[in-house]
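Reviewing the structure listed below.
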Amino acid sequence: MKKPPPPNDAALVRQIDDALDKDVLSDAYPLDEVAKALDAAGADSHALLKEGQDFVAGLQRKRRLAWQAEARRKVDAMKQTLGARTPVALLSRAELLGRIDEARKGIVEPVAIAARNLTAEVTDEELLQILEEIEALAVLAGSEKDPKE
């Protein structure tokens, strides 16, 4: 005759826990009765309540702030992408305008319109800044198409 397998302690404990959860963790028991039962068993019901409230508050805080880790990762990736660009060398005004014209062809319409309305009053430094910003936008737009992001 075969011997029955030894009892699985983990399974038995899980079964008892489940049964207790279904019994004790229901709304059928008023909170004051549960507190009295805990106090009668030698536990501090007020301390347990406080500990449970603190635990739940911690979980809620974690959930509320979880988006920040992903946001930091994206910001770091953008900084790395922008940092990898080659800085624009000091160019002549004609070269700056030519590069701006070339760069604005593949970018969003509002930026293209703004770049199209450049006048003689814009300084070379401002043109350089505009070109760097347009090229940064192009780099970022290209990185958004990257499936790793």
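In the structure tokens, chains take the letters A, B, ... in the order shown, each chain's residues start at 1, and ligands count up from 1 in the order shown.
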
Report task. Name the residues in contact with Ala103 in chain A at a cut-off of 7 Å, using only C-alpha atoms, excluding same-chain residues fewer than 4 positions from it; report them as a PyMOL selection string. Result -> chain A and resi 99+134-135

Write the residues you've just listed into a file as a short mmCIF file (atom, residue, chain, number, x, y, z; two decimals), in the first residue's frame, and include C-alpha atoms for each of them.
```
data_model
loop_
_atom_site.label_atom_id
_atom_site.label_comp_id
_atom_site.auth_asym_id
_atom_site.auth_seq_id
_atom_site.Cartn_x
_atom_site.Cartn_y
_atom_site.Cartn_z
CA ARG A 99 21.26 75.88 -42.73
CA ILE A 134 15.76 73.83 -34.89
CA GLU A 135 18.45 71.15 -35.07
#
```

Query raised in the report: So how many Å separate CA of Asp101 in chain A and CA of Val139 in chain A, to one decimal?
Result: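 About the pair CA of Asp101 in chain A and CA of Val139 in chain A: they are 16.3 Å apart.
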
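You can rank A:Ile16, A:Ala69, A:Ala138, A:Leu49 by their closest distance to Leu31 in chain A using only C-alpha atoms, and at the top of that list sits A:Leu49.
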